[in-house]
$ cat data-v4.pdb   # PDB, C-alpha atoms and all ligand atoms
MODEL        1
ATOM      1  CA  MET A  93      19.192   5.834  31.277  1.00  0.00           C
ATOM      2  CA  THR A  94      16.916   8.311  32.975  1.00  0.00           C
ATOM      3  CA  LYS A  95      14.705   7.378  35.895  1.00  0.00           C
ATOM      4  CA  THR A  96      11.577   7.429  33.716  1.00  0.00           C
ATOM      5  CA  ALA A  97      13.164   5.170  31.111  1.00  0.00           C
ATOM      6  CA  LYS A  98      13.770   2.561  33.827  1.00  0.00           C
ATOM      7  CA  TYR A  99      10.002   2.107  34.257  1.00  0.00           C
ATOM      8  CA  CYS A 100       9.324   2.297  30.571  1.00  0.00           C
ATOM      9  CA  LEU A 101       9.850  -1.180  29.196  1.00  0.00           C
ATOM     10  CA  THR A 102       6.481  -1.932  27.624  1.00  0.00           C
ATOM     11  CA  GLU A 103       6.212  -2.439  23.869  1.00  0.00           C
ATOM     12  CA  PRO A 104       4.396   0.879  23.142  1.00  0.00           C
ATOM     13  CA  CYS A 105       7.002   2.708  25.168  1.00  0.00           C
ATOM     14  CA  ILE A 106       9.891   1.051  23.323  1.00  0.00           C
ATOM     15  CA  LEU A 107       8.202   1.966  20.043  1.00  0.00           C
ATOM     16  CA  GLU A 108       7.870   5.554  21.216  1.00  0.00           C
ATOM     17  CA  ILE A 109      11.557   5.730  22.097  1.00  0.00           C
ATOM     18  CA  LEU A 110      12.493   4.265  18.704  1.00  0.00           C
ATOM     19  CA  ASP A 111      10.226   6.710  16.957  1.00  0.00           C
ATOM     20  CA  MET A 112      11.937   9.525  18.842  1.00  0.00           C
ATOM     21  CA  THR A 113      15.345   8.132  17.858  1.00  0.00           C
ATOM     22  CA  ASN A 114      14.226   8.089  14.236  1.00  0.00           C
ATOM     23  CA  ARG A 115      13.120  11.682  14.429  1.00  0.00           C
ATOM     24  CA  ILE A 116      16.405  12.742  16.025  1.00  0.00           C
ATOM     25  CA  MET A 117      18.319  10.849  13.307  1.00  0.00           C
ATOM     26  CA  LYS A 118      16.343  12.645  10.615  1.00  0.00           C
ATOM     27  CA  GLU A 119      16.967  16.029  12.230  1.00  0.00           C
ATOM     28  CA  LYS A 120      20.645  15.419  13.001  1.00  0.00           C
ATOM     29  CA  TYR A 121      21.641  13.569   9.839  1.00  0.00           C
ATOM     30  CA  PRO A 122      19.215  14.704   7.126  1.00  0.00           C
ATOM     31  CA  GLU A 123      21.727  13.823   4.419  1.00  0.00           C
ATOM     32  CA  LYS A 124      21.397  10.146   5.401  1.00  0.00           C
ATOM     33  CA  MET A 125      17.692  10.325   4.559  1.00  0.00           C
ATOM     34  CA  ASN A 126      17.554   9.979   0.781  1.00  0.00           C
ATOM     35  CA  SER A 127      14.243  10.299  -1.029  1.00  0.00           C
ATOM     36  CA  ILE A 128      13.636   6.557  -1.290  1.00  0.00           C
ATOM     37  CA  LEU A 129      14.126   6.003   2.438  1.00  0.00           C
ATOM     38  CA  GLN A 130      12.061   9.103   3.102  1.00  0.00           C
ATOM     39  CA  ALA A 131       9.170   7.605   1.119  1.00  0.00           C
ATOM     40  CA  ILE A 132       9.536   4.162   2.687  1.00  0.00           C
ATOM     41  CA  TYR A 133       9.425   5.557   6.214  1.00  0.00           C
ATOM     42  CA  ASN A 134       6.836   8.286   5.732  1.00  0.00           C
ATOM     43  CA  ARG A 135       4.272   6.589   3.473  1.00  0.00           C
ATOM     44  CA  ARG A 136       1.180   5.779   5.491  1.00  0.00           C
ATOM     45  CA  SER A 137      -2.051   4.058   4.554  1.00  0.00           C
ATOM     46  CA  VAL A 138      -4.502   6.836   3.773  1.00  0.00           C
ATOM     47  CA  ARG A 139      -8.212   6.111   4.161  1.00  0.00           C
ATOM     48  CA  HIS A 140      -9.707   9.630   4.018  1.00  0.00           C
ATOM     49  CA  PHE A 141      -9.540  11.610   0.818  1.00  0.00           C
ATOM     50  CA  SER A 142     -10.386  15.064  -0.469  1.00  0.00           C
ATOM     51  CA  ASP A 143     -12.800  15.508  -3.384  1.00  0.00           C
ATOM     52  CA  ASP A 144     -10.015  16.612  -5.752  1.00  0.00           C
ATOM     53  CA  PRO A 145      -9.827  14.330  -8.766  1.00  0.00           C
ATOM     54  CA  ILE A 146      -6.537  12.756  -9.815  1.00  0.00           C
ATOM     55  CA  ASP A 147      -5.331  13.448 -13.320  1.00  0.00           C
ATOM     56  CA  ARG A 148      -5.577  10.317 -15.474  1.00  0.00           C
ATOM     57  CA  GLU A 149      -1.972  10.692 -16.652  1.00  0.00           C
ATOM     58  CA  VAL A 150      -0.868  10.739 -13.018  1.00  0.00           C
ATOM     59  CA  LEU A 151      -2.819   7.538 -12.366  1.00  0.00           C
ATOM     60  CA  ARG A 152      -1.199   5.922 -15.378  1.00  0.00           C
ATOM     61  CA  GLU A 153       2.233   7.000 -14.122  1.00  0.00           C
ATOM     62  CA  ILE A 154       1.487   5.313 -10.788  1.00  0.00           C
ATOM     63  CA  ILE A 155       0.534   2.113 -12.602  1.00  0.00           C
ATOM     64  CA  ARG A 156       3.690   2.397 -14.716  1.00  0.00           C
ATOM     65  CA  ALA A 157       5.697   2.466 -11.476  1.00  0.00           C
ATOM     66  CA  GLY A 158       3.927  -0.777 -10.540  1.00  0.00           C
ATOM     67  CA  THR A 159       5.109  -2.388 -13.763  1.00  0.00           C
ATOM     68  CA  TRP A 160       8.737  -1.538 -12.941  1.00  0.00           C
ATOM     69  CA  ALA A 161       8.713  -3.897  -9.969  1.00  0.00           C
ATOM     70  CA  PRO A 162      11.015  -6.893 -10.294  1.00  0.00           C
ATOM     71  CA  SER A 163       9.489 -10.226 -11.347  1.00  0.00           C
ATOM     72  CA  GLY A 164      10.953 -13.717 -11.752  1.00  0.00           C
ATOM     73  CA  LEU A 165      12.203 -14.215 -15.322  1.00  0.00           C
ATOM     74  CA  ASN A 166      10.860 -10.685 -15.855  1.00  0.00           C
ATOM     75  CA  ASN A 167       7.504 -12.341 -16.604  1.00  0.00           C
ATOM     76  CA  GLN A 168       5.494  -9.306 -15.364  1.00  0.00           C
ATOM     77  CA  PRO A 169       2.386 -11.237 -14.302  1.00  0.00           C
ATOM     78  CA  TRP A 170       0.464  -8.106 -13.214  1.00  0.00           C
ATOM     79  CA  ARG A 171      -2.610  -6.645 -14.882  1.00  0.00           C
ATOM     80  CA  PHE A 172      -4.487  -3.533 -13.762  1.00  0.00           C
ATOM     81  CA  ALA A 173      -8.022  -2.185 -13.787  1.00  0.00           C
ATOM     82  CA  LEU A 174      -8.202   1.592 -13.388  1.00  0.00           C
ATOM     83  CA  ILE A 175     -11.554   2.704 -12.037  1.00  0.00           C
ATOM     84  CA  THR A 176     -12.717   6.288 -11.603  1.00  0.00           C
ATOM     85  CA  ASP A 177     -16.308   5.942 -12.832  1.00  0.00           C
ATOM     86  CA  GLU A 178     -18.623   6.710  -9.881  1.00  0.00           C
ATOM     87  CA  ASN A 179     -21.201   4.079 -10.874  1.00  0.00           C
ATOM     88  CA  ILE A 180     -18.630   1.296 -11.052  1.00  0.00           C
ATOM     89  CA  LYS A 181     -16.999   2.506  -7.840  1.00  0.00           C
ATOM     90  CA  LYS A 182     -20.395   2.342  -6.143  1.00  0.00           C
ATOM     91  CA  GLU A 183     -20.677  -1.337  -7.117  1.00  0.00           C
ATOM     92  CA  PHE A 184     -17.357  -1.962  -5.350  1.00  0.00           C
ATOM     93  CA  GLU A 185     -18.747  -0.500  -2.135  1.00  0.00           C
ATOM     94  CA  GLY A 186     -21.003  -3.530  -1.704  1.00  0.00           C
ATOM     95  CA  LEU A 187     -18.055  -5.927  -1.853  1.00  0.00           C
ATOM     96  CA  THR A 188     -16.080  -4.982   1.245  1.00  0.00           C
ATOM     97  CA  ARG A 189     -16.480  -3.812   4.803  1.00  0.00           C
ATOM     98  CA  TYR A 190     -14.111  -0.987   3.811  1.00  0.00           C
ATOM     99  CA  TRP A 191     -16.869   0.527   1.685  1.00  0.00           C
ATOM    100  CA  LYS A 192     -16.337   3.970   3.233  1.00  0.00           C
ATOM    101  CA  VAL A 193     -12.745   4.008   1.958  1.00  0.00           C
ATOM    102  CA  ILE A 194     -13.965   3.049  -1.517  1.00  0.00           C
ATOM    103  CA  LYS A 195     -16.684   5.682  -1.369  1.00  0.00           C
ATOM    104  CA  GLY A 196     -14.234   8.436  -0.441  1.00  0.00           C
ATOM    105  CA  ALA A 197     -11.529   7.375  -2.907  1.00  0.00           C
ATOM    106  CA  ARG A 198     -11.169   9.213  -6.205  1.00  0.00           C
ATOM    107  CA  ALA A 199      -9.687   6.217  -7.990  1.00  0.00           C
ATOM    108  CA  LEU A 200      -9.323   2.481  -7.522  1.00  0.00           C
ATOM    109  CA  ILE A 201      -6.636   0.325  -9.011  1.00  0.00           C
ATOM    110  CA  GLY A 202      -7.580  -3.340  -9.156  1.00  0.00           C
ATOM    111  CA  VAL A 203      -4.363  -5.330  -9.262  1.00  0.00           C
ATOM    112  CA  PHE A 204      -4.659  -8.796 -10.821  1.00  0.00           C
ATOM    113  CA  ILE A 205      -2.303 -11.642 -11.445  1.00  0.00           C
ATOM    114  CA  ASP A 206      -2.606 -13.269 -14.858  1.00  0.00           C
ATOM    115  CA  ARG A 207      -2.454 -16.991 -14.147  1.00  0.00           C
ATOM    116  CA  ASP A 208      -1.550 -17.644 -17.797  1.00  0.00           C
ATOM    117  CA  ALA A 209       1.606 -15.529 -17.362  1.00  0.00           C
ATOM    118  CA  MET A 210       2.755 -17.309 -14.193  1.00  0.00           C
ATOM    119  CA  TYR A 211       5.674 -19.717 -13.850  1.00  0.00           C
ATOM    120  CA  HIS A 212       5.968 -20.222 -10.076  1.00  0.00           C
ATOM    121  CA  GLU A 213       3.212 -19.834  -7.491  1.00  0.00           C
ATOM    122  CA  VAL A 214       5.330 -18.274  -4.713  1.00  0.00           C
ATOM    123  CA  LYS A 215       7.679 -16.169  -6.849  1.00  0.00           C
ATOM    124  CA  ASP A 216       4.872 -14.697  -8.926  1.00  0.00           C
ATOM    125  CA  HIS A 217       2.969 -13.682  -5.808  1.00  0.00           C
ATOM    126  CA  GLN A 218       6.132 -12.114  -4.407  1.00  0.00           C
ATOM    127  CA  ALA A 219       6.397 -10.073  -7.604  1.00  0.00           C
ATOM    128  CA  MET A 220       2.802  -8.934  -7.139  1.00  0.00           C
ATOM    129  CA  GLY A 221       3.609  -7.685  -3.643  1.00  0.00           C
ATOM    130  CA  ALA A 222       6.561  -5.710  -5.017  1.00  0.00           C
ATOM    131  CA  CYS A 223       4.305  -4.267  -7.716  1.00  0.00           C
ATOM    132  CA  ILE A 224       1.679  -3.147  -5.215  1.00  0.00           C
ATOM    133  CA  GLN A 225       4.310  -1.610  -2.943  1.00  0.00           C
ATOM    134  CA  ASN A 226       5.707   0.318  -5.933  1.00  0.00           C
ATOM    135  CA  ILE A 227       2.202   1.666  -6.562  1.00  0.00           C
ATOM    136  CA  LEU A 228       1.851   2.838  -2.951  1.00  0.00           C
ATOM    137  CA  LEU A 229       5.273   4.501  -2.949  1.00  0.00           C
ATOM    138  CA  ALA A 230       4.792   6.126  -6.351  1.00  0.00           C
ATOM    139  CA  ALA A 231       1.442   7.529  -5.229  1.00  0.00           C
ATOM    140  CA  TYR A 232       3.037   8.876  -2.061  1.00  0.00           C
ATOM    141  CA  SER A 233       5.846  10.480  -4.048  1.00  0.00           C
ATOM    142  CA  LEU A 234       3.234  12.350  -6.094  1.00  0.00           C
ATOM    143  CA  GLY A 235       1.350  13.600  -3.026  1.00  0.00           C
ATOM    144  CA  ILE A 236      -1.439  11.050  -3.426  1.00  0.00           C
ATOM    145  CA  GLY A 237      -2.670   8.991  -0.518  1.00  0.00           C
ATOM    146  CA  SER A 238      -3.445   5.316  -0.970  1.00  0.00           C
ATOM    147  CA  VAL A 239      -4.315   2.176   0.899  1.00  0.00           C
ATOM    148  CA  TRP A 240      -3.847  -1.472  -0.021  1.00  0.00           C
ATOM    149  CA  LEU A 241      -7.222  -3.187   0.406  1.00  0.00           C
ATOM    150  CA  GLY A 242      -6.992  -6.933   0.899  1.00  0.00           C
ATOM    151  CA  GLU A 243     -10.255  -7.660   2.665  1.00  0.00           C
ATOM    152  CA  ILE A 244     -12.074  -7.243  -0.660  1.00  0.00           C
ATOM    153  CA  LEU A 245     -10.353 -10.417  -1.912  1.00  0.00           C
ATOM    154  CA  LYS A 246     -13.250 -12.334  -0.345  1.00  0.00           C
ATOM    155  CA  SER A 247     -15.257 -10.881  -3.274  1.00  0.00           C
ATOM    156  CA  SER A 248     -12.672 -11.662  -5.980  1.00  0.00           C
ATOM    157  CA  GLY A 249     -15.226 -13.424  -8.181  1.00  0.00           C
ATOM    158  CA  GLU A 250     -17.686 -10.538  -7.984  1.00  0.00           C
ATOM    159  CA  VAL A 251     -14.946  -8.025  -8.859  1.00  0.00           C
ATOM    160  CA  ARG A 252     -13.971 -10.063 -11.906  1.00  0.00           C
ATOM    161  CA  GLU A 253     -17.599 -10.333 -12.966  1.00  0.00           C
ATOM    162  CA  LEU A 254     -18.286  -6.648 -12.390  1.00  0.00           C
ATOM    163  CA  LEU A 255     -15.415  -5.675 -14.677  1.00  0.00           C
ATOM    164  CA  GLY A 256     -16.160  -8.402 -17.213  1.00  0.00           C
ATOM    165  CA  LEU A 257     -12.707  -9.947 -16.873  1.00  0.00           C
ATOM    166  CA  SER A 258     -11.740 -13.471 -17.818  1.00  0.00           C
ATOM    167  CA  GLU A 259     -11.180 -16.384 -15.422  1.00  0.00           C
ATOM    168  CA  GLN A 260      -7.364 -16.387 -15.475  1.00  0.00           C
ATOM    169  CA  LEU A 261      -7.240 -12.955 -13.860  1.00  0.00           C
ATOM    170  CA  GLU A 262      -7.109 -13.277 -10.098  1.00  0.00           C
ATOM    171  CA  LEU A 263      -7.548 -10.250  -7.867  1.00  0.00           C
ATOM    172  CA  MET A 264      -4.519  -9.536  -5.634  1.00  0.00           C
ATOM    173  CA  ALA A 265      -5.576  -6.202  -4.156  1.00  0.00           C
ATOM    174  CA  VAL A 266      -7.562  -3.080  -4.722  1.00  0.00           C
ATOM    175  CA  VAL A 267      -5.597   0.101  -4.087  1.00  0.00           C
ATOM    176  CA  ALA A 268      -7.882   2.991  -3.168  1.00  0.00           C
ATOM    177  CA  MET A 269      -6.432   6.441  -3.727  1.00  0.00           C
ATOM    178  CA  GLY A 270      -7.041  10.150  -3.598  1.00  0.00           C
ATOM    179  CA  TYR A 271      -5.435  13.311  -2.309  1.00  0.00           C
ATOM    180  CA  PRO A 272      -5.230  12.943   1.486  1.00  0.00           C
ATOM    181  CA  ALA A 273      -7.934  14.741   3.478  1.00  0.00           C
ATOM    182  CA  HIS A 274      -5.377  15.095   6.277  1.00  0.00           C
ATOM    183  CA  THR A 275      -1.904  13.871   7.148  1.00  0.00           C
ATOM    184  CA  GLU A 276      -2.494  12.650  10.672  1.00  0.00           C
ATOM    185  CA  GLN A 277      -2.017   8.963   9.902  1.00  0.00           C
ATOM    186  CA  THR A 278       0.287   7.166  12.270  1.00  0.00           C
ATOM    187  CA  SER A 279       1.633   3.636  12.344  1.00  0.00           C
ATOM    188  CA  SER A 280       4.239   1.659  14.204  1.00  0.00           C
ATOM    189  CA  ARG A 281       6.610  -1.210  13.677  1.00  0.00           C
ATOM    190  CA  ILE A 282       8.082  -3.809  15.967  1.00  0.00           C
ATOM    191  CA  PRO A 283      11.724  -2.776  16.515  1.00  0.00           C
ATOM    192  CA  VAL A 284      13.918  -4.244  13.808  1.00  0.00           C
ATOM    193  CA  GLU A 285      16.209  -5.732  16.477  1.00  0.00           C
ATOM    194  CA  LYS A 286      13.377  -8.103  17.370  1.00  0.00           C
ATOM    195  CA  MET A 287      12.941  -9.144  13.759  1.00  0.00           C
ATOM    196  CA  ILE A 288      16.544 -10.031  12.997  1.00  0.00           C
ATOM    197  CA  ILE A 289      16.679 -13.695  13.929  1.00  0.00           C
ATOM    198  CA  PHE A 290      20.255 -14.363  12.809  1.00  0.00           C
ATOM    199  CA  ASP A 291      23.069 -11.861  12.591  1.00  0.00           C
ATOM    200  CA  GLN A 292      26.692 -12.941  12.359  1.00  0.00           C
TER
HETATM  201  C1  LIG A 301      -1.984  -7.668   2.271  1.00  0.00           C
HETATM  202  C2  LIG A 301      -2.543  -6.406   2.897  1.00  0.00           C
HETATM  203  C3  LIG A 301      -3.901  -6.292   3.073  1.00  0.00           C
HETATM  204  C4  LIG A 301      -4.442  -5.119   3.611  1.00  0.00           C
HETATM  205  N1  LIG A 301      -5.795  -4.998   3.684  1.00  0.00           N
HETATM  206  C5  LIG A 301      -6.336  -3.865   4.163  1.00  0.00           C
HETATM  207  C6  LIG A 301      -7.749  -3.678   4.146  1.00  0.00           C
HETATM  208  O1  LIG A 301      -8.503  -4.535   3.670  1.00  0.00           O
HETATM  209  N2  LIG A 301      -8.243  -2.522   4.663  1.00  0.00           N
HETATM  210  C7  LIG A 301      -7.432  -1.538   5.144  1.00  0.00           C
HETATM  211  O2  LIG A 301      -7.960  -0.507   5.581  1.00  0.00           O
HETATM  212  N3  LIG A 301      -6.084  -1.660   5.152  1.00  0.00           N
HETATM  213  C8  LIG A 301      -5.511  -2.799   4.671  1.00  0.00           C
HETATM  214  N4  LIG A 301      -4.154  -2.925   4.606  1.00  0.00           N
HETATM  215  C9  LIG A 301      -3.284  -1.836   5.103  1.00  0.00           C
HETATM  216  C10 LIG A 301      -2.670  -2.192   6.458  1.00  0.00           C
HETATM  217  O3  LIG A 301      -3.659  -2.118   7.444  1.00  0.00           O
HETATM  218  C11 LIG A 301      -1.527  -1.193   6.758  1.00  0.00           C
HETATM  219  O4  LIG A 301      -0.541  -1.301   5.746  1.00  0.00           O
HETATM  220  C12 LIG A 301      -0.849  -1.491   8.103  1.00  0.00           C
HETATM  221  O5  LIG A 301      -1.749  -1.247   9.160  1.00  0.00           O
HETATM  222  C13 LIG A 301       0.381  -0.618   8.330  1.00  0.00           C
HETATM  223  O6  LIG A 301       0.053   0.761   8.232  1.00  0.00           O
HETATM  224  P1  LIG A 301       0.822   1.710   7.206  1.00  0.00           P
HETATM  225  O7  LIG A 301       0.522   1.200   5.817  1.00  0.00           O
HETATM  226  O8  LIG A 301       0.254   3.085   7.422  1.00  0.00           O
HETATM  227  O9  LIG A 301       2.278   1.650   7.513  1.00  0.00           O
HETATM  228  C14 LIG A 301      -3.585  -4.067   4.056  1.00  0.00           C
HETATM  229  C15 LIG A 301      -2.213  -4.196   3.858  1.00  0.00           C
HETATM  230  C16 LIG A 301      -1.692  -5.338   3.268  1.00  0.00           C
HETATM  231  C17 LIG A 301      -0.208  -5.422   3.004  1.00  0.00           C
ENDMDL
END
$ encode --input "data-v4.pdb" --output "structure tokens" --more "lines below"
Ligand SMILES: Cc1cc2nc3c(=O)[nH]c(=O)nc-3n(C[C@H](O)[C@H](O)[C@H](O)COP(=O)(O)O)c2cc1C
Amino acid sequence: MTKTAKYCLTEPCILEILDMTNRIMKEKYPEKMNSILQAIYNRRSVRHFSDDPIDREVLREIIRAGTWAPSGLNNQPWRFALITDENIKKEFEGLTRYWKVIKGARALIGVFIDRDAMYHEVKDHQAMGACIQNILLAAYSLGIGSVWLGEILKSSGEVRELLGLSEQLELMAVVAMGYPAHTEQTSSRIPVEKMIIFDQ
């Protein structure tokens, strides 16, 4: 341990050291960094987008990746609303404090759970989380930035009404996406050692 490290025991400092370790690992052992791990570690929530539109086929491919998430009994309880129309998007802006993200996004994917397709409250919601994560990772893999918007769930009813959807469809998230305006997003995680609560 160096002298500086001795005085460096605060959480942000530990995170910095771990981040550095990660970077060294990636540089020293690039072969250990396969493309899935690369995407998991490097995907960041993107909230600023360029004006470039996203090809509709690309958006459909991202949704397809969502549908390949695992689900209990393979019941696939997810349903999607793909929104690129500026007028509809504008209506969404009034439903969340993250209206600037919506405004800047080139596409929105409303992710719904179909209550009629469900068999288990917890397991079906877990499947929805896996589906949304697949969407974020697929978007990242195609060079598209995205962010999982949950705050808008307070307006679930309004979203359903706006899109003319039936009662059994419950909003789980809106994913806002577009080509990233920049790649300066950063994030951090609590060291995994602190999260492992049993290990033997
Ligand atoms: C359930 C859930 C709800 C979220 N809601 C919002 C949101 O409403 N607005 C937002 O800007 N980001 C939202 N996020 C994104 C988180 O802020 C982000 O994932 C977290 O800060 C970690 O950053 P990273 O995604 O860049 O690793 C949400 C993420 C999750 C999983």
$ resolve_selection --input "data-v4.pdb" --expression "the PyMOL selection byres (((chain A and resi 142) around 7) and not hetatm)" --output "list of chain:residue names"
A:Phe141, A:Asp143, A:Asp144, A:Gly270, A:Tyr271, A:Pro272, A:Ala273
$ write_last_selection --input "data-v4.pdb" --atoms "C-alpha atoms" --output "CSV table (one decimal), in the frame of the given file"
chain,number,residue,atom,x,y,z
A,141,PHE,CA,-9.5,11.6,0.8
A,143,ASP,CA,-12.8,15.5,-3.4
A,144,ASP,CA,-10.0,16.6,-5.8
A,270,GLY,CA,-7.0,10.2,-3.6
A,271,TYR,CA,-5.4,13.3,-2.3
A,272,PRO,CA,-5.2,12.9,1.5
A,273,ALA,CA,-7.9,14.7,3.5
$ residues_near_ligand --input "data-v4.pdb" --ligand "ligand LIG 301 (chain A)" --cutoff "7 Å" --atoms "only C-alpha atoms and all ligand atoms" --output "list in words"
Arg135, Arg136, Ser137, Arg139, Tyr190, Val239, Trp240, Leu241, Gly242, Glu243, Ile244, Gln277, Thr278, Ser279 and Ser280 of chain A
$ closest_atom_pairs --input "data-v4.pdb" --of "segment 192-290 of chain A" --to "segment 130-134 of chain A" --cutoff "12 Å" --atoms "only C-alpha atoms" --output "tab-separated table"
residue	atom	partner	partner_atom	distance
A:Gln225	CA	A:Ile132	CA	9.6
A:Asn226	CA	A:Ile132	CA	10.2
A:Ile227	CA	A:Ala131	CA	12.0
A:Leu228	CA	A:Ile132	CA	9.6
A:Leu229	CA	A:Ala131	CA	6.4
A:Ala230	CA	A:Ala131	CA	8.8
A:Ala231	CA	A:Ala131	CA	10.0
A:Tyr232	CA	A:Ala131	CA	7.0
A:Ser233	CA	A:Ala131	CA	6.8
A:Leu234	CA	A:Ala131	CA	10.5
A:Gly235	CA	A:Ala131	CA	10.7
A:Gly237	CA	A:Asn134	CA	11.4
A:Thr275	CA	A:Asn134	CA	10.5
A:Glu276	CA	A:Asn134	CA	11.4
A:Gln277	CA	A:Asn134	CA	9.8
A:Thr278	CA	A:Asn134	CA	9.3
A:Ser279	CA	A:Asn134	CA	9.6
A:Ser280	CA	A:Tyr133	CA	10.3
A:Arg281	CA	A:Tyr133	CA	10.5
$ atom_distance --input "data-v4.pdb" --atom1 "atom CA of Lys286 of chain A" --atom2 "atom CA of Met220 of chain A"
26.7 Å
$ closest_residue --input "data-v4.pdb" --among "A:Phe204, A:Phe184, A:Tyr211, A:Phe290" --to "Glu259 of chain A" --atoms "all atoms listed in the file"
A:Phe204
$ residues_near_point --input "data-v4.pdb" --point "(-10.3, -7.6, -4.9)" --cutoff "6 Å" --atoms "only C-alpha atoms" --output "mmCIF file with C-alpha atoms, keeping the file's coordinate frame"
data_model
loop_
_atom_site.group_PDB
_atom_site.id
_atom_site.type_symbol
_atom_site.label_atom_id
_atom_site.label_comp_id
_atom_site.auth_asym_id
_atom_site.auth_seq_id
_atom_site.Cartn_x
_atom_site.Cartn_y
_atom_site.Cartn_z
ATOM 1 C CA ILE A 244 -12.074 -7.243 -0.660
ATOM 2 C CA LEU A 245 -10.353 -10.417 -1.912
ATOM 3 C CA SER A 248 -12.672 -11.662 -5.980
ATOM 4 C CA LEU A 263 -7.548 -10.250 -7.867
ATOM 5 C CA ALA A 265 -5.576 -6.202 -4.156
ATOM 6 C CA VAL A 266 -7.562 -3.080 -4.722
#
$ atom_distance --input "data-v4.pdb" --atom1 "atom CA of Val267 of chain A" --atom2 "atom CA of Ala199 of chain A"
8.3 Å
$ atom_distance --input "data-v4.pdb" --atom1 "atom CA of Gln260 of chain A" --atom2 "atom CA of Asn166 of chain A"
19.1 Å
$ closest_residue --input "data-v4.pdb" --among "A:Ile282, A:Ala268, A:Leu261, A:Ala161" --to "Arg207 of chain A" --atoms "all atoms listed in the file"
A:Leu261
$ closest_residue --input "data-v4.pdb" --among "A:Lys192, A:His212, A:His217, A:Arg148" --to "Trp170 of chain A" --atoms "only C-alpha atoms"
A:His217
$ closest_residue --input "data-v4.pdb" --among "A:Ile128, A:Ala219, A:Val284, A:Leu257" --to "Phe172 of chain A" --atoms "only C-alpha atoms"
A:Leu257
$ resolve_selection --input "data-v4.pdb" --expression "the PyMOL selection byres (((chain A and resi 183) around 10) and not hetatm)" --output "PyMOL selection string"
chain A and resi 178-182+184-187+191+194-195+250-251+254
$ write_last_selection --input "data-v4.pdb" --atoms "C-alpha atoms" --output "short mmCIF file (atom, residue, chain, number, x, y, z; two decimals), keeping the file's coordinate frame"
data_model
loop_
_atom_site.label_atom_id
_atom_site.label_comp_id
_atom_site.auth_asym_id
_atom_site.auth_seq_id
_atom_site.Cartn_x
_atom_site.Cartn_y
_atom_site.Cartn_z
CA GLU A 178 -18.62 6.71 -9.88
CA ASN A 179 -21.20 4.08 -10.87
CA ILE A 180 -18.63 1.30 -11.05
CA LYS A 181 -17.00 2.51 -7.84
CA LYS A 182 -20.40 2.34 -6.14
CA PHE A 184 -17.36 -1.96 -5.35
CA GLU A 185 -18.75 -0.50 -2.13
CA GLY A 186 -21.00 -3.53 -1.70
CA LEU A 187 -18.06 -5.93 -1.85
CA TRP A 191 -16.87 0.53 1.68
CA ILE A 194 -13.96 3.05 -1.52
CA LYS A 195 -16.68 5.68 -1.37
CA GLU A 250 -17.69 -10.54 -7.98
CA VAL A 251 -14.95 -8.02 -8.86
CA LEU A 254 -18.29 -6.65 -12.39
#
$ closest_residue --input "data-v4.pdb" --among "A:Ser127, A:Gln168, A:Ser247, A:Ser258" --to "Ala209 of chain A" --atoms "all atoms listed in the file"
A:Gln168
$ closest_residue --input "data-v4.pdb" --among "A:Asp208, A:Lys246, A:Val138, A:Leu255" --to "Arg189 of chain A" --atoms "only C-alpha atoms"
A:Lys246
$ axis_aligned_box --input "data-v4.pdb" --around "segment 251-256 of chain A" --padding-each-side "4 Å" --output "AutoDock Vina command-line options"
--center_x -16.1 --center_y -8.0 --center_z -13.0 --size_x 12.3 --size_y 12.7 --size_z 16.4
